[in-house]
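Colleague: What follows is final.pdb, PDB, C-alpha atoms and all ligand atoms.
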```
ATOM      1  CA  MET A   1     -13.353   4.617  37.350  1.00  0.00           C
ATOM      2  CA  TYR A   2     -11.506   3.288  40.414  1.00  0.00           C
ATOM      3  CA  GLY A   3     -12.883  -0.259  40.141  1.00  0.00           C
ATOM      4  CA  PHE A   4     -12.279  -0.514  36.410  1.00  0.00           C
ATOM      5  CA  ARG A   5      -8.570   0.333  36.619  1.00  0.00           C
ATOM      6  CA  GLN A   6      -8.056  -2.267  39.315  1.00  0.00           C
ATOM      7  CA  TRP A   7      -9.963  -4.823  37.304  1.00  0.00           C
ATOM      8  CA  LEU A   8      -7.866  -4.001  34.233  1.00  0.00           C
ATOM      9  CA  ASP A   9      -4.609  -4.346  36.200  1.00  0.00           C
ATOM     10  CA  ARG A  10      -5.775  -7.664  37.591  1.00  0.00           C
ATOM     11  CA  MET A  11      -6.693  -8.935  34.123  1.00  0.00           C
ATOM     12  CA  ARG A  12      -3.351  -7.774  32.748  1.00  0.00           C
ATOM     13  CA  TYR A  13      -1.580  -9.586  35.561  1.00  0.00           C
ATOM     14  CA  ARG A  14      -3.615 -12.742  35.001  1.00  0.00           C
ATOM     15  CA  PHE A  15      -2.903 -12.641  31.306  1.00  0.00           C
ATOM     16  CA  ALA A  16       0.841 -12.192  31.919  1.00  0.00           C
ATOM     17  CA  ALA A  17       0.760 -15.130  34.356  1.00  0.00           C
ATOM     18  CA  PHE A  18      -1.171 -17.211  31.824  1.00  0.00           C
ATOM     19  CA  MET A  19       1.337 -16.390  29.057  1.00  0.00           C
ATOM     20  CA  THR A  20       4.364 -17.256  31.188  1.00  0.00           C
ATOM     21  CA  GLY A  21       6.160 -20.187  29.597  1.00  0.00           C
ATOM     22  CA  ARG A  22       4.022 -19.915  26.473  1.00  0.00           C
ATOM     23  CA  TYR A  23       5.305 -19.071  23.049  1.00  0.00           C
ATOM     24  CA  GLY A  24       3.342 -15.925  22.094  1.00  0.00           C
ATOM     25  CA  MET A  25       3.353 -14.052  18.785  1.00  0.00           C
ATOM     26  CA  ASP A  26       5.906 -14.339  15.989  1.00  0.00           C
ATOM     27  CA  GLN A  27       6.112 -13.599  12.257  1.00  0.00           C
ATOM     28  CA  TYR A  28       4.610 -16.968  11.338  1.00  0.00           C
ATOM     29  CA  ASN A  29       1.589 -16.311  13.580  1.00  0.00           C
ATOM     30  CA  ARG A  30       1.174 -12.842  12.115  1.00  0.00           C
ATOM     31  CA  PHE A  31       1.207 -14.451   8.664  1.00  0.00           C
ATOM     32  CA  LEU A  32      -1.423 -17.033   9.733  1.00  0.00           C
ATOM     33  CA  GLY A  33      -3.601 -14.230  11.171  1.00  0.00           C
ATOM     34  CA  GLY A  34      -3.121 -12.183   8.012  1.00  0.00           C
ATOM     35  CA  ALA A  35      -4.010 -15.160   5.811  1.00  0.00           C
ATOM     36  CA  ALA A  36      -7.175 -15.781   7.890  1.00  0.00           C
ATOM     37  CA  PHE A  37      -8.124 -12.088   7.591  1.00  0.00           C
ATOM     38  CA  PHE A  38      -7.466 -12.210   3.835  1.00  0.00           C
ATOM     39  CA  LEU A  39      -9.765 -15.258   3.477  1.00  0.00           C
ATOM     40  CA  ILE A  40     -12.482 -13.494   5.510  1.00  0.00           C
ATOM     41  CA  VAL A  41     -12.294 -10.497   3.140  1.00  0.00           C
ATOM     42  CA  ILE A  42     -12.399 -12.842   0.110  1.00  0.00           C
ATOM     43  CA  GLY A  43     -15.476 -14.460   1.675  1.00  0.00           C
ATOM     44  CA  PHE A  44     -17.350 -11.143   1.481  1.00  0.00           C
ATOM     45  CA  PHE A  45     -17.015 -11.102  -2.289  1.00  0.00           C
ATOM     46  CA  VAL A  46     -17.060 -14.700  -3.437  1.00  0.00           C
ATOM     47  CA  LYS A  47     -18.569 -17.886  -2.138  1.00  0.00           C
ATOM     48  CA  VAL A  48     -15.776 -20.381  -1.632  1.00  0.00           C
ATOM     49  CA  LEU A  49     -16.380 -23.917  -0.461  1.00  0.00           C
ATOM     50  CA  LEU A  50     -14.954 -24.655   3.019  1.00  0.00           C
ATOM     51  CA  LEU A  51     -13.693 -21.073   3.371  1.00  0.00           C
ATOM     52  CA  ASP A  52     -15.032 -20.807   6.939  1.00  0.00           C
ATOM     53  CA  ALA A  53     -13.308 -24.071   7.818  1.00  0.00           C
ATOM     54  CA  ALA A  54     -10.020 -22.773   6.390  1.00  0.00           C
ATOM     55  CA  VAL A  55     -10.365 -19.511   8.374  1.00  0.00           C
ATOM     56  CA  LEU A  56     -11.091 -21.466  11.563  1.00  0.00           C
ATOM     57  CA  ALA A  57      -8.182 -23.798  10.909  1.00  0.00           C
ATOM     58  CA  LEU A  58      -5.784 -20.871  10.372  1.00  0.00           C
ATOM     59  CA  ILE A  59      -6.971 -19.000  13.484  1.00  0.00           C
ATOM     60  CA  GLY A  60      -7.051 -22.218  15.505  1.00  0.00           C
ATOM     61  CA  TYR A  61      -3.503 -23.074  14.463  1.00  0.00           C
ATOM     62  CA  MET A  62      -2.365 -19.523  15.214  1.00  0.00           C
ATOM     63  CA  TYR A  63      -3.790 -19.629  18.762  1.00  0.00           C
ATOM     64  CA  PHE A  64      -2.420 -23.124  19.252  1.00  0.00           C
ATOM     65  CA  ARG A  65       1.037 -21.696  18.482  1.00  0.00           C
ATOM     66  CA  VAL A  66       0.531 -18.543  20.614  1.00  0.00           C
ATOM     67  CA  PHE A  67      -0.425 -20.588  23.698  1.00  0.00           C
ATOM     68  CA  SER A  68       1.935 -23.476  23.017  1.00  0.00           C
ATOM     69  CA  LYS A  69       4.439 -24.401  25.724  1.00  0.00           C
ATOM     70  CA  ASN A  70       6.749 -26.187  23.284  1.00  0.00           C
ATOM     71  CA  ILE A  71       8.768 -23.036  22.613  1.00  0.00           C
ATOM     72  CA  PRO A  72      11.775 -24.640  20.802  1.00  0.00           C
ATOM     73  CA  LYS A  73       9.453 -26.378  18.325  1.00  0.00           C
ATOM     74  CA  ARG A  74       7.472 -23.170  17.616  1.00  0.00           C
ATOM     75  CA  TYR A  75      10.727 -21.245  17.293  1.00  0.00           C
ATOM     76  CA  GLU A  76      11.968 -23.777  14.742  1.00  0.00           C
ATOM     77  CA  GLU A  77       8.686 -23.503  12.759  1.00  0.00           C
ATOM     78  CA  ASN A  78       9.064 -19.735  12.676  1.00  0.00           C
ATOM     79  CA  ARG A  79      12.661 -20.043  11.496  1.00  0.00           C
ATOM     80  CA  LYS A  80      11.535 -22.317   8.628  1.00  0.00           C
ATOM     81  CA  PHE A  81       8.686 -19.948   7.786  1.00  0.00           C
ATOM     82  CA  LEU A  82      11.096 -16.988   7.615  1.00  0.00           C
ATOM     83  CA  SER A  83      13.464 -18.910   5.366  1.00  0.00           C
ATOM     84  CA  ILE A  84      10.652 -19.889   2.941  1.00  0.00           C
ATOM     85  CA  SER A  85       8.989 -16.455   2.938  1.00  0.00           C
ATOM     86  CA  GLY A  86      12.391 -14.840   2.419  1.00  0.00           C
ATOM     87  CA  ARG A  87      12.984 -17.020  -0.626  1.00  0.00           C
ATOM     88  CA  VAL A  88       9.482 -16.227  -2.004  1.00  0.00           C
ATOM     89  CA  THR A  89       9.840 -12.449  -1.581  1.00  0.00           C
ATOM     90  CA  GLY A  90      13.362 -12.636  -3.024  1.00  0.00           C
ATOM     91  CA  PHE A  91      12.025 -14.496  -6.069  1.00  0.00           C
ATOM     92  CA  MET A  92       9.152 -11.991  -6.501  1.00  0.00           C
ATOM     93  CA  GLY A  93      11.577  -9.083  -6.186  1.00  0.00           C
ATOM     94  CA  GLN A  94      13.780 -10.635  -8.850  1.00  0.00           C
ATOM     95  CA  LYS A  95      10.790 -11.111 -11.222  1.00  0.00           C
ATOM     96  CA  LYS A  96       9.694  -7.515 -10.601  1.00  0.00           C
ATOM     97  CA  ARG A  97      13.182  -6.191 -11.344  1.00  0.00           C
ATOM     98  CA  MET A  98      13.213  -8.277 -14.545  1.00  0.00           C
ATOM     99  CA  LEU A  99       9.860  -6.787 -15.658  1.00  0.00           C
ATOM    100  CA  ILE A 100      11.114  -3.246 -15.014  1.00  0.00           C
ATOM    101  CA  ASP A 101      14.341  -4.075 -16.838  1.00  0.00           C
ATOM    102  CA  MET A 102      12.401  -5.342 -19.899  1.00  0.00           C
ATOM    103  CA  LYS A 103      11.088  -1.788 -20.465  1.00  0.00           C
ATOM    104  CA  THR A 104      14.576  -0.371 -20.889  1.00  0.00           C
ATOM    105  CA  HIS A 105      16.508  -3.389 -22.111  1.00  0.00           C
ATOM    106  CA  HIS A 106      16.109  -6.220 -24.557  1.00  0.00           C
ATOM    107  CA  ILE A 107      17.562  -9.694 -24.183  1.00  0.00           C
ATOM    108  CA  TYR A 108      18.974 -11.194 -27.383  1.00  0.00           C
ATOM    109  CA  LYS A 109      20.397 -14.651 -27.841  1.00  0.00           C
ATOM    110  CA  CYS A 110      23.668 -15.125 -29.639  1.00  0.00           C
ATOM    111  CA  PRO A 111      22.880 -17.093 -32.853  1.00  0.00           C
ATOM    112  CA  THR A 112      26.038 -19.167 -32.428  1.00  0.00           C
ATOM    113  CA  CYS A 113      26.353 -20.076 -28.755  1.00  0.00           C
ATOM    114  CA  LYS A 114      22.881 -19.051 -27.442  1.00  0.00           C
ATOM    115  CA  GLN A 115      24.473 -16.778 -24.849  1.00  0.00           C
ATOM    116  CA  LYS A 116      21.918 -14.220 -23.579  1.00  0.00           C
ATOM    117  CA  ILE A 117      22.958 -10.622 -24.171  1.00  0.00           C
ATOM    118  CA  ARG A 118      21.281  -7.630 -22.517  1.00  0.00           C
ATOM    119  CA  VAL A 119      21.014  -4.581 -24.784  1.00  0.00           C
ATOM    120  CA  PRO A 120      19.433  -1.172 -24.037  1.00  0.00           C
ATOM    121  CA  ARG A 121      16.283  -0.434 -26.048  1.00  0.00           C
ATOM    122  CA  GLY A 122      15.688   2.412 -28.473  1.00  0.00           C
ATOM    123  CA  LYS A 123      19.163   2.673 -29.999  1.00  0.00           C
ATOM    124  CA  GLY A 124      18.058   1.743 -33.529  1.00  0.00           C
ATOM    125  CA  ARG A 125      19.988  -0.829 -35.545  1.00  0.00           C
ATOM    126  CA  ILE A 126      22.999  -1.954 -33.596  1.00  0.00           C
ATOM    127  CA  GLU A 127      25.758  -4.446 -34.068  1.00  0.00           C
ATOM    128  CA  ILE A 128      26.044  -6.735 -31.099  1.00  0.00           C
ATOM    129  CA  SER A 129      29.148  -8.765 -30.498  1.00  0.00           C
ATOM    130  CA  CYS A 130      28.760 -11.787 -28.275  1.00  0.00           C
ATOM    131  CA  PRO A 131      30.963 -11.495 -25.181  1.00  0.00           C
ATOM    132  CA  LYS A 132      31.331 -15.290 -25.051  1.00  0.00           C
ATOM    133  CA  CYS A 133      32.189 -16.403 -28.587  1.00  0.00           C
ATOM    134  CA  GLY A 134      32.759 -13.094 -30.385  1.00  0.00           C
ATOM    135  CA  THR A 135      30.035 -13.609 -33.049  1.00  0.00           C
ATOM    136  CA  LYS A 136      28.755 -10.288 -34.417  1.00  0.00           C
ATOM    137  CA  PHE A 137      25.083  -9.844 -35.373  1.00  0.00           C
ATOM    138  CA  ILE A 138      22.781  -6.936 -36.226  1.00  0.00           C
ATOM    139  CA  LYS A 139      19.572  -6.307 -34.279  1.00  0.00           C
ATOM    140  CA  GLN A 140      16.933  -3.593 -33.975  1.00  0.00           C
ATOM    141  CA  SER A 141      17.061  -2.483 -30.348  1.00  0.00           C
TER     142      SER A 141
HETATM  143 ZN    ZN A 201      28.048 -16.345 -28.752  1.00  0.00          ZN
END
```
Now that the file is in, can you turn its structure into structure tokens?

Modeller:
Amino acid sequence: MYGFRQWLDRMRYRFAAFMTGRYGMDQYNRFLGGAAFFLIVIGFFVKVLLLDAAVLALIGYMYFRVFSKNIPKRYEENRKFLSISGRVTGFMGQKKRMLIDMKTHHIYKCPTCKQKIRVPRGKGRIEISCPKCGTKFIKQS
């Protein structure tokens, strides 16, 4: 295996030299790769028009970014991607927490001022007093 090791070292060196001054991987590229992989998997199950073109475009764009020499621009794209994806996952997390909360709590609206009031479920008939305007009303929790 003497020749193979040397060949591997040489290839590794060449690759490192090739990647010098190039951008490389980041979270945005991993997302693009993941999206391409996801579309490929979808393609096994359903026939979608232009799916192959979309996969090629995603992979092509990913490699364009990996090998790009405009590092500040790629860095800025990644920063934007992280800000958007952070907002999306934050929003999803909030929706998920709301769904879990709906199992244990009920949201009632004050009949006077429309203030939303969060009340635990399963307490029977309860008198709720609005924290905003003080109106009292009876609800089945
Ligand atoms: Zn009120």

Colleague: Provide the atom CA of Val119 of chain A to atom CA of Thr135 of chain A distance in Å, to one decimal place.

Modeller: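 Atom-to-atom, atom CA of Val119 of chain A and atom CA of Thr135 of chain A are spaced 15.2 Å apart.
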
Colleague: I'd like the residues picked by the PyMOL selection byres (((not hetatm)) within 12 of (chain A and resi 201)) written out as a list in words, using the chain letters and numbers from the file.

Modeller: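 With the PyMOL selection byres (((not hetatm)) within 12 of (chain A and resi 201)) on this model, the match is Tyr108, Lys109, Cys110, Pro111, Thr112, Cys113, Lys114, Gln115, Lys116, Ile117, Ile128, Ser129, Cys130, Pro131, Lys132, Cys133, Gly134, Thr135, Lys136 and Phe137 of chain A.
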
Colleague: Residue by residue, what does the PyMOL selection byres (((chain A and resi 123-125) around 10) and not hetatm) grab here? Present the result as a ChimeraX atom specification.

Modeller: /A:119-122,126-128,138-141

Colleague: Could you list the residues chosen by the PyMOL selection byres (((chain A and resi 12-19) around 12) and not hetatm) in this structure as a short mmCIF file (atom, residue, chain, number, x, y, z; two decimals) with C-alpha atoms, in the frame of the given file?

Modeller:
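File produced: result-v2.cif:
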```
data_model
loop_
_atom_site.label_atom_id
_atom_site.label_comp_id
_atom_site.auth_asym_id
_atom_site.auth_seq_id
_atom_site.Cartn_x
_atom_site.Cartn_y
_atom_site.Cartn_z
CA ARG A 5 -8.57 0.33 36.62
CA GLN A 6 -8.06 -2.27 39.32
CA TRP A 7 -9.96 -4.82 37.30
CA LEU A 8 -7.87 -4.00 34.23
CA ASP A 9 -4.61 -4.35 36.20
CA ARG A 10 -5.78 -7.66 37.59
CA MET A 11 -6.69 -8.94 34.12
CA THR A 20 4.36 -17.26 31.19
CA GLY A 21 6.16 -20.19 29.60
CA ARG A 22 4.02 -19.92 26.47
CA TYR A 23 5.30 -19.07 23.05
CA GLY A 24 3.34 -15.92 22.09
CA MET A 25 3.35 -14.05 18.78
CA TYR A 63 -3.79 -19.63 18.76
CA ARG A 65 1.04 -21.70 18.48
CA VAL A 66 0.53 -18.54 20.61
CA PHE A 67 -0.42 -20.59 23.70
CA SER A 68 1.94 -23.48 23.02
CA LYS A 69 4.44 -24.40 25.72
CA ILE A 71 8.77 -23.04 22.61
#
```

Colleague: My list of candidates is A:Met92, A:Leu82, A:Ala36, A:Met98. Which is closest to Met62 of chain A when distances are computed with all atoms listed in the file?

Modeller: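 Checking each of A:Met92, A:Leu82, A:Ala36, A:Met98 against Met62 of chain A, counting all atoms listed in the file, the winner is A:Ala36.
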
Colleague: With distances taken over only C-alpha atoms, which residue among A:Gln94, A:Gly33, A:Val88, A:Glu76 lies nearest Gly60 of chain A?

Modeller: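 Checking each of A:Gln94, A:Gly33, A:Val88, A:Glu76 against Gly60 of chain A, counting only C-alpha atoms, the winner is A:Gly33.
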
Colleague: In terms of the shortest atom-to-atom distance over all atoms listed in the file, which of A:Arg87, A:Arg30, A:Arg74, A:Arg79 is closest to Leu58 of chain A?

Modeller: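 Using all atoms listed in the file, Leu58 of chain A sits closest to A:Arg30.
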
Colleague: I'd like the interatomic distance between atom CA of Gly43 of chain A and atom CA of Leu56 of chain A, to a tenth of an Å.

Modeller: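 So the answer is 12.9 Å.
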
Colleague: What is the atom CA of Phe31 of chain A-atom CA of Asn78 of chain A distance in Å, reported with one decimal?

Modeller: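 These atoms are spaced 10.3 Å apart.
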